[in-house]
$ cat my_file_8.txt   # compact mmCIF, C-alpha atoms and all ligand atoms
# COMPACT_ATOMS: atom_id res chain seq x y z
CA MET A 30 69.08 3.43 212.90
CA TYR A 31 69.81 1.43 209.72
CA VAL A 32 71.95 3.25 207.13
CA ALA A 33 72.46 1.55 203.75
CA GLN A 34 76.04 1.35 202.40
CA PRO A 35 75.92 1.81 198.61
CA ILE A 36 79.69 1.96 198.07
CA GLU A 37 82.88 1.14 199.92
CA TRP A 38 86.58 1.25 199.09
CA THR A 39 88.18 -2.04 200.15
CA ASP A 40 91.54 -3.77 199.61
CA ARG A 41 89.80 -6.01 197.05
CA GLY A 42 88.38 -3.12 195.03
CA VAL A 43 85.31 -0.87 195.02
CA VAL A 44 82.30 -2.68 196.43
CA MET A 45 78.87 -1.49 195.30
CA LEU A 46 75.40 -2.61 196.31
CA ASP A 47 73.39 -3.25 193.12
CA GLN A 48 70.50 -0.77 193.48
CA ARG A 49 68.79 -2.17 190.37
CA ARG A 50 67.97 -5.35 192.31
CA LEU A 51 66.56 -3.67 195.43
CA PRO A 52 64.34 -4.31 197.29
CA ALA A 53 64.10 -7.93 196.14
CA GLU A 54 67.78 -8.78 196.54
CA GLU A 55 70.78 -7.27 198.34
CA ILE A 56 73.66 -8.15 196.03
CA SER A 57 77.07 -6.44 195.94
CA TYR A 58 79.80 -6.49 193.29
CA THR A 59 83.51 -5.78 193.65
CA TYR A 60 85.03 -3.69 190.85
CA THR A 61 88.74 -3.62 190.07
CA ASP A 62 88.62 -1.84 186.69
CA TYR A 63 87.61 1.81 186.30
CA ARG A 64 85.75 0.94 183.07
CA GLU A 65 83.50 -1.38 185.09
CA VAL A 66 82.86 1.47 187.53
CA ALA A 67 81.88 3.73 184.63
CA LYS A 68 79.49 1.04 183.35
CA ALA A 69 78.02 0.62 186.85
CA ILE A 70 77.29 4.37 187.03
CA ARG A 71 75.75 4.40 183.54
CA GLU A 72 73.62 1.34 184.24
CA MET A 73 72.48 2.61 187.66
CA VAL A 74 74.08 -0.02 189.90
CA ILE A 75 74.85 3.15 191.84
CA ARG A 76 72.84 6.33 191.40
CA GLY A 77 71.96 9.57 193.17
CA ALA A 78 74.11 12.65 192.58
CA PRO A 79 76.50 12.53 195.58
CA ALA A 80 76.94 8.73 195.35
CA ILE A 81 77.75 9.08 191.65
CA GLY A 82 80.44 11.59 192.69
CA VAL A 83 81.91 9.15 195.22
CA ALA A 84 81.85 6.36 192.62
CA ALA A 85 83.61 8.59 190.08
CA ALA A 86 86.30 9.52 192.63
CA MET A 87 86.84 5.86 193.51
CA GLY A 88 86.80 4.91 189.81
CA ALA A 89 89.52 7.49 189.13
CA ALA A 90 91.61 6.15 192.03
CA LEU A 91 91.08 2.58 190.85
CA GLY A 92 92.22 3.51 187.34
CA VAL A 93 95.41 5.07 188.67
CA LEU A 94 96.03 2.17 191.06
CA HIS A 95 95.88 -0.46 188.33
CA SER A 96 97.59 1.56 185.63
CA PRO A 97 100.52 -0.23 183.97
CA ALA A 98 102.22 3.17 183.36
CA LYS A 99 105.93 3.21 184.19
CA SER A 100 106.40 7.00 184.31
CA VAL A 101 104.51 10.02 185.62
CA GLU A 102 104.01 11.23 182.04
CA ALA A 103 102.49 7.92 180.95
CA LEU A 104 100.30 7.90 184.06
CA ARG A 105 99.13 11.46 183.33
CA THR A 106 98.07 10.44 179.81
CA GLU A 107 96.20 7.44 181.15
CA PHE A 108 94.60 9.49 183.93
CA GLN A 109 93.09 11.81 181.30
CA GLU A 110 91.59 8.79 179.56
CA ILE A 111 90.23 7.47 182.90
CA CYS A 112 88.57 10.80 183.76
CA GLY A 113 87.17 11.12 180.23
CA THR A 114 85.56 7.68 180.44
CA LEU A 115 84.01 8.37 183.86
CA ALA A 116 82.76 11.81 182.74
CA LYS A 117 80.78 10.26 179.87
CA THR A 118 78.51 8.21 182.13
CA ARG A 119 75.66 10.48 183.25
CA PRO A 120 75.28 14.13 182.20
CA THR A 121 72.93 15.82 184.70
CA ALA A 122 74.35 15.23 188.18
CA VAL A 123 77.09 17.83 188.56
CA ASP A 124 78.65 16.00 191.54
CA LEU A 125 80.18 13.61 189.00
CA PHE A 126 82.15 16.44 187.39
CA TRP A 127 82.87 18.06 190.75
CA ALA A 128 84.44 14.81 192.00
CA LEU A 129 86.51 14.35 188.83
CA GLU A 130 87.79 17.94 189.05
CA ARG A 131 88.80 17.30 192.63
CA MET A 132 90.64 14.11 191.69
CA LYS A 133 92.40 15.98 188.84
CA ARG A 134 93.49 18.71 191.28
CA ARG A 135 94.89 16.12 193.66
CA PHE A 136 96.68 14.35 190.81
CA SER A 137 98.36 17.62 189.84
CA GLU A 138 99.41 18.30 193.44
CA LEU A 139 100.80 14.80 193.91
CA THR A 140 102.72 14.75 190.64
CA ALA A 141 104.20 18.17 191.48
CA GLN A 142 105.41 16.76 194.82
CA THR A 143 106.81 13.40 193.75
CA SER A 144 107.66 11.18 190.80
CA GLU A 145 107.24 7.98 192.83
CA LEU A 146 104.27 6.20 191.28
CA ALA A 147 103.46 4.27 194.47
CA LYS A 148 103.08 7.53 196.40
CA ILE A 149 100.88 9.07 193.71
CA LYS A 150 98.65 5.98 193.68
CA GLN A 151 98.35 5.97 197.46
CA GLY A 152 97.53 9.69 197.48
CA MET A 153 94.75 9.20 194.94
CA ILE A 154 93.20 6.36 196.96
CA GLU A 155 93.27 8.54 200.08
CA GLU A 156 91.61 11.40 198.21
CA ALA A 157 88.77 9.16 197.00
CA GLN A 158 88.25 7.88 200.53
CA GLN A 159 88.27 11.46 201.76
CA VAL A 160 85.52 12.39 199.26
CA HIS A 161 83.41 9.57 200.70
CA LEU A 162 84.10 10.56 204.32
CA GLU A 163 83.21 14.18 203.61
CA LYS A 164 79.87 13.13 202.08
CA ARG A 165 78.99 11.53 205.38
CA ALA A 166 79.77 14.68 207.36
CA THR A 167 78.00 16.80 204.76
CA ASP A 168 74.77 14.82 205.03
CA GLU A 169 74.76 15.10 208.82
CA ALA A 170 75.11 18.89 208.57
CA ILE A 171 72.40 19.19 205.91
CA GLY A 172 70.19 17.07 208.15
CA ARG A 173 70.73 19.34 211.14
CA PHE A 174 69.94 22.52 209.19
CA GLY A 175 66.95 21.06 207.40
CA ALA A 176 65.36 19.32 210.37
CA GLU A 177 64.46 22.70 211.87
CA PHE A 178 62.11 23.27 208.95
CA MET A 179 60.22 20.01 209.36
CA PRO A 180 56.85 20.05 211.13
CA ARG A 181 56.69 18.89 214.77
CA GLU A 182 54.28 16.24 213.59
CA GLY A 183 52.44 15.26 210.45
CA GLN A 184 53.12 14.33 206.87
CA VAL A 185 56.13 15.25 204.74
CA MET A 186 56.66 14.30 201.10
CA THR A 187 59.78 13.33 199.14
CA GLN A 188 60.52 12.42 195.53
CA CYS A 189 62.81 9.78 194.04
CA ASN A 190 65.51 8.56 196.43
CA ALA A 191 67.89 10.99 198.10
CA GLY A 192 68.72 8.70 201.00
CA ALA A 193 71.82 6.84 202.13
CA LEU A 194 71.73 4.84 198.90
CA ALA A 195 72.07 8.08 196.93
CA THR A 196 74.93 9.65 198.89
CA GLY A 197 77.02 7.19 200.88
CA GLY A 198 76.11 9.14 204.03
CA ILE A 199 72.69 9.36 205.69
CA GLY A 200 71.13 10.99 202.64
CA THR A 201 70.15 14.56 201.84
CA ASP A 202 66.34 14.73 201.94
CA LEU A 203 66.13 11.49 203.93
CA GLY A 204 68.95 12.81 206.11
CA VAL A 205 66.76 15.80 206.99
CA ILE A 206 63.84 13.50 207.73
CA ARG A 207 66.01 11.10 209.69
CA VAL A 208 67.50 13.85 211.91
CA ALA A 209 64.03 15.37 212.46
CA PHE A 210 62.67 11.94 213.37
CA GLU A 211 65.54 11.32 215.80
CA GLN A 212 64.82 14.71 217.37
CA GLY A 213 61.39 13.37 218.23
CA ARG A 214 59.33 14.92 215.43
CA LYS A 215 56.46 12.61 214.63
CA LEU A 216 56.79 12.48 210.88
CA HIS A 217 54.96 10.30 208.41
CA VAL A 218 56.56 10.26 204.96
CA LEU A 219 54.53 10.23 201.74
CA VAL A 220 56.69 8.50 199.14
CA PRO A 221 55.74 8.95 195.45
CA GLU A 222 56.77 5.81 193.57
CA THR A 223 58.74 7.87 190.99
CA ARG A 224 58.03 6.27 187.64
CA PRO A 225 59.60 5.10 185.46
CA TYR A 226 62.59 3.88 187.45
CA LEU A 227 60.67 3.54 190.73
CA GLN A 228 63.37 4.96 193.01
CA GLY A 229 60.61 5.99 195.46
CA ALA A 230 58.89 2.61 195.60
CA ARG A 231 62.01 0.46 195.43
CA LEU A 232 64.59 2.50 197.32
CA THR A 233 63.07 5.24 199.50
CA ALA A 234 60.32 2.96 200.79
CA TRP A 235 62.98 0.30 201.49
CA GLU A 236 65.27 2.70 203.37
CA LEU A 237 62.50 4.26 205.45
CA HIS A 238 60.99 0.88 206.27
CA LYS A 239 64.38 -0.49 207.37
CA GLY A 240 64.98 2.67 209.40
CA GLY A 241 61.64 2.36 211.21
CA ILE A 242 60.27 5.66 209.88
CA PRO A 243 56.54 5.49 209.09
CA LEU A 244 55.65 5.94 205.44
CA THR A 245 52.88 5.65 202.91
CA LEU A 246 53.79 4.74 199.34
CA ILE A 247 51.70 6.57 196.73
CA THR A 248 51.69 6.58 192.94
CA ASP A 249 52.91 9.73 191.21
CA ASN A 250 49.42 10.75 190.13
CA MET A 251 48.25 10.87 193.78
CA VAL A 252 50.55 13.78 194.66
CA GLY A 253 47.97 16.53 193.98
CA HIS A 254 45.30 14.71 195.93
CA PHE A 255 47.47 14.41 199.03
CA LEU A 256 48.82 17.97 198.83
CA LYS A 257 45.25 19.30 198.62
CA SER A 258 44.32 17.47 201.83
CA GLY A 259 45.99 20.14 203.97
CA LYS A 260 47.84 17.45 205.93
CA VAL A 261 51.27 17.72 204.30
CA GLY A 262 53.53 20.08 206.29
CA ALA A 263 56.55 20.15 203.99
CA ILE A 264 58.13 18.63 200.91
CA VAL A 265 61.86 18.00 200.75
CA THR A 266 63.75 16.56 197.78
CA GLY A 267 67.35 16.18 196.70
CA ALA A 268 68.97 17.82 193.67
CA ASP A 269 71.21 16.86 190.78
CA ARG A 270 72.32 20.35 189.76
CA ILE A 271 71.49 23.80 191.11
CA ALA A 272 72.09 26.73 188.75
CA ALA A 273 73.33 30.14 189.95
CA ASN A 274 69.78 31.51 190.16
CA GLY A 275 68.53 28.55 192.24
CA ASP A 276 66.77 26.67 189.42
CA THR A 277 67.15 23.04 190.38
CA ALA A 278 67.31 19.83 188.37
CA ASN A 279 66.05 16.76 190.15
CA LYS A 280 64.31 13.52 189.22
CA ILE A 281 61.57 13.79 186.62
CA GLY A 282 58.31 14.69 188.37
CA THR A 283 59.85 17.08 190.89
CA TYR A 284 58.70 20.16 188.96
CA GLN A 285 55.05 19.18 189.01
CA ILE A 286 55.27 18.45 192.75
CA ALA A 287 56.74 21.92 193.35
CA VAL A 288 54.00 23.62 191.33
CA LEU A 289 51.30 21.69 193.19
CA ALA A 290 53.02 22.59 196.47
CA LYS A 291 52.75 26.29 195.70
CA GLU A 292 49.09 25.94 194.69
CA ASN A 293 48.39 24.25 198.04
CA ASN A 294 50.65 26.45 200.24
CA VAL A 295 52.99 23.63 201.18
CA PRO A 296 56.66 24.70 201.51
CA PHE A 297 58.91 22.97 198.98
CA TYR A 298 62.54 22.56 200.05
CA ILE A 299 65.70 21.24 198.42
CA ALA A 300 68.39 19.43 200.44
CA ALA A 301 71.75 19.24 198.67
CA PRO A 302 75.49 19.67 199.24
CA VAL A 303 77.33 22.72 197.90
CA SER A 304 79.00 20.33 195.41
CA THR A 305 75.62 20.22 193.64
CA PHE A 306 75.78 23.96 192.88
CA ASP A 307 76.78 24.81 189.33
CA LEU A 308 77.43 28.53 189.53
CA SER A 309 78.94 28.50 186.04
CA ILE A 310 75.45 28.39 184.53
CA PRO A 311 73.02 31.26 185.05
CA ASP A 312 69.79 29.27 185.12
CA GLY A 313 68.11 25.91 184.67
CA ASP A 314 67.83 26.21 180.88
CA HIS A 315 71.54 25.40 180.75
CA ILE A 316 71.26 22.13 182.67
CA PRO A 317 71.73 19.08 180.41
CA ILE A 318 68.85 16.67 180.88
CA GLU A 319 69.68 12.99 180.53
CA GLU A 320 67.47 11.02 178.13
CA ARG A 321 67.27 7.40 179.18
CA SER A 322 65.97 4.39 177.33
CA ALA A 323 62.27 4.48 176.38
CA ALA A 324 62.16 0.79 177.30
CA GLU A 325 62.17 1.94 180.94
CA VAL A 326 58.79 3.57 180.18
CA THR A 327 57.22 0.87 178.01
CA HIS A 328 58.37 -1.88 180.37
CA LEU A 329 58.10 -2.35 184.11
CA GLN A 330 60.83 -4.56 185.57
CA GLY A 331 61.26 -6.15 182.16
CA VAL A 332 57.53 -6.74 181.55
CA ARG A 333 55.97 -4.86 178.62
CA ILE A 334 53.11 -2.61 179.80
CA ALA A 335 52.54 -0.61 176.58
CA PRO A 336 52.32 -1.42 172.89
CA ASP A 337 55.40 -0.93 170.75
CA VAL A 338 55.00 2.85 170.39
CA HIS A 339 57.29 5.83 170.70
CA ALA A 340 57.92 6.71 174.37
CA ALA A 341 59.95 9.51 175.96
CA HIS A 342 62.17 9.32 179.01
CA PRO A 343 63.74 12.55 180.21
CA ALA A 344 65.25 11.40 183.51
CA PHE A 345 65.21 14.84 185.19
CA ASP A 346 63.27 18.10 185.12
CA VAL A 347 64.06 21.60 186.32
CA THR A 348 62.12 23.33 189.08
CA PRO A 349 62.30 27.12 188.75
CA ALA A 350 63.75 28.83 191.83
CA ARG A 351 60.51 30.71 192.52
CA TYR A 352 58.92 27.46 193.74
CA ILE A 353 61.74 26.69 196.20
CA ALA A 354 61.20 27.98 199.75
CA ALA A 355 64.79 27.24 200.85
CA ILE A 356 67.82 25.13 199.98
CA PHE A 357 69.41 23.22 202.86
CA THR A 358 73.17 22.73 202.49
CA GLU A 359 75.97 21.61 204.82
CA ARG A 360 76.98 25.26 205.24
CA GLY A 361 73.58 26.65 206.08
CA VAL A 362 70.27 27.50 204.48
CA ALA A 363 69.97 29.47 201.26
CA ARG A 364 66.90 31.60 200.64
CA ALA A 365 65.83 33.78 197.70
CA PRO A 366 67.36 35.72 196.09
CA TYR A 367 69.46 32.66 195.33
CA THR A 368 71.77 34.59 193.01
CA GLN A 369 73.19 36.08 196.21
CA SER A 370 72.72 33.35 198.83
CA LEU A 371 74.27 30.55 196.74
CA ILE A 372 77.39 32.60 195.99
CA ALA A 373 77.68 33.48 199.68
CA LEU A 374 77.51 29.84 200.71
CA ALA A 375 79.91 28.67 198.01
CA ALA A 376 82.46 31.41 198.59
CA THR A 377 82.60 31.91 202.34
CA GLY A 378 81.56 28.57 203.66
CA GLN A 379 79.59 30.46 206.26
CA PRO A 380 76.00 29.56 207.07
CA ALA A 381 73.56 31.95 205.37
CA SER A 382 71.02 31.33 208.10
CA ALA A 383 70.31 28.46 210.40
CA ALA A 384 66.74 29.00 211.48
CA PRO A 385 63.39 28.96 209.69
O1 LIG B 1 68.49 8.89 188.26
P1 LIG B 1 68.89 8.93 189.70
O2 LIG B 1 68.30 7.83 190.50
O3 LIG B 1 70.39 9.02 189.85
O4 LIG B 1 68.28 10.29 190.23
C1 LIG B 1 68.49 10.64 191.58
C2 LIG B 1 67.84 11.90 191.96
O5 LIG B 1 67.21 12.57 191.18
C3 LIG B 1 68.09 12.37 193.36
O6 LIG B 1 66.98 13.04 193.88
C4 LIG B 1 69.29 13.32 193.36
O7 LIG B 1 70.36 12.76 192.67
C5 LIG B 1 69.71 13.67 194.73
S1 LIG B 1 70.46 12.31 195.57
C6 LIG B 1 70.93 12.87 197.10
$ encode --input "my_file_8.txt" --output "structure tokens" --more "lines below"
Ligand code: MRU
Amino acid sequence: MYVAQPIEWTDRGVVMLDQRRLPAEEISYTYTDYREVAKAIREMVIRGAPAIGVAAAMGAALGVLHSPAKSVEALRTEFQEICGTLAKTRPTAVDLFWALERMKRRFSELTAQTSELAKIKQGMIEEAQQVHLEKRATDEAIGRFGAEFMPREGQVMTQCNAGALATGGIGTDLGVIRVAFEQGRKLHVLVPETRPYLQGARLTAWELHKGGIPLTLITDNMVGHFLKSGKVGAIVTGADRIAANGDTANKIGTYQIAVLAKENNVPFYIAAPVSTFDLSIPDGDHIPIEERSAAEVTHLQGVRIAPDVHAAHPAFDVTPARYIAAIFTERGVARAPYTQSLIALAATGQPASAAP
């Protein structure tokens, strides 16, 4: 089945598919400067929490690779600058910071082992590639755990895009749907368009269509209508940051879907890697919410659709843990009370449970 490739490390540089142009055009760029990678993350050439993490790891490796530093000390100073630049791109998705921390750890290990710059550079490239490889394995595992919770047949709903484009693997929520579909479950996916950036309409619909998975595209204000129909068996979305109590930030609009799900007795699930946990914050009130340009609300694909008035654009919202039936991770399935199950998954690496 078709799996999109949003990012790749190559000998020429970091190649990224420009997700802003999808589905109209499939155009890729090759980046050789970490500052360009930072700009690409900020401007959404690449997006989706795990894919942002992969891009940050590759950006850090690229920065080290092309550094003119002649000593380990000079390289260390420049590496701090590189990580600082990449960290300032998008504030909500914690995978970005997770990936940078991992690259910093590897840098410390390598510089403790050797003062040969070529070896340090090679080690950083390998680490970035390893982050990417692990995302692929992670998605497959999330898919296997989550698929068990999907209905044998019928409708499931998503939000935004948490597919291959958003992770560099098979996707988190779309990974669950993909594995369930390959197991023979007869799923039909309801895809909310996800205004204002239209990740549902442009990206999720594109991925599902290419993968041969049946879908119906709906506008965001149709969600309640479809959930009330009694035909939706489950909702599964990705996540950008999961607080210690299970409160989850995801694309704007997710919260209202979760509330409507509860009202209509439809289970609402999150599919996300453990790298999306932020156990340093107690609850969702501590999650920074990115404010994006209001022009993305007043304009659609560059065309003005509203008068020149004040418009708001919080890019994410927080769904309280009480609306979340389970969280599918690569290490197993977390259930309430999340204050305990998330710590167990993060600390032991053991599956919390593997069956519905
Ligand atoms: O603004 P985006 O497109 O980066 O937002 C993406 C989402 O909200 C995804 O649902 C989330 O990052 C999970 S991706 C596996």
$ residues_around --input "my_file_8.txt" --residues "segment 362-373 of chain A" --least-positions-apart "3" --cutoff "12 Å" --atoms "only C-alpha atoms" --output "NGL selection string"
:A and (170-178 or 271-277 or 297-312 or 349-359 or 376-385)
$ closest_residue --input "my_file_8.txt" --among "A:Gly88, A:Gly42, A:Gly253, A:Gly198" --to "ligand LIG 1 (chain B)" --atoms "only C-alpha atoms and all ligand atoms"
A:Gly198
$ residues_near_ligand --input "my_file_8.txt" --ligand "ligand LIG 1 (chain B)" --cutoff "7 Å" --atoms "all atoms listed in the file" --output "list of chain:residue names"
A:Arg76, A:Gly77, A:Ala78, A:Pro79, A:Ala122, A:Gln188, A:Cys189, A:Asn190, A:Ala191, A:Gly192, A:Ala195, A:Thr196, A:Gly200, A:Thr201, A:Asp202, A:Gln228, A:Thr266, A:Gly267, A:Ala268, A:Asp269, A:Asn279, A:Lys280, A:Ala301, A:Ala344, A:Phe345
$ atom_distance --input "my_file_8.txt" --atom1 "atom CA of Gly92 of chain A" --atom2 "atom CA of Asp62 of chain A"
6.5 Å
$ closest_residue --input "my_file_8.txt" --among "A:Glu145, A:Glu55, A:Glu325, A:Asp47" --to "Glu102 of chain A" --atoms "all atoms listed in the file"
A:Glu145
$ atom_distance --input "my_file_8.txt" --atom1 "atom CA of Lys257 of chain A" --atom2 "atom CA of Arg231 of chain A"
25.4 Å
$ atom_distance --input "my_file_8.txt" --atom1 "atom CA of Glu130 of chain A" --atom2 "atom CA of Val66 of chain A"
17.3 Å
$ closest_residue --input "my_file_8.txt" --among "A:Ala85, A:Ala67, A:Ala128, A:Ala103" --to "Ser144 of chain A" --atoms "only C-alpha atoms"
A:Ala103
$ closest_residue --input "my_file_8.txt" --among "A:His161, A:Arg119, A:Lys291, A:Arg134" --to "Ala84 of chain A" --atoms "only C-alpha atoms"
A:His161
$ axis_aligned_box --input "my_file_8.txt" --around "segment 141-146 of chain A" --padding-each-side "5 Å" --output "AutoDock Vina command-line options"
--center_x 105.9 --center_y 12.2 --center_z 192.8 --size_x 13.5 --size_y 22.0 --size_z 14.0
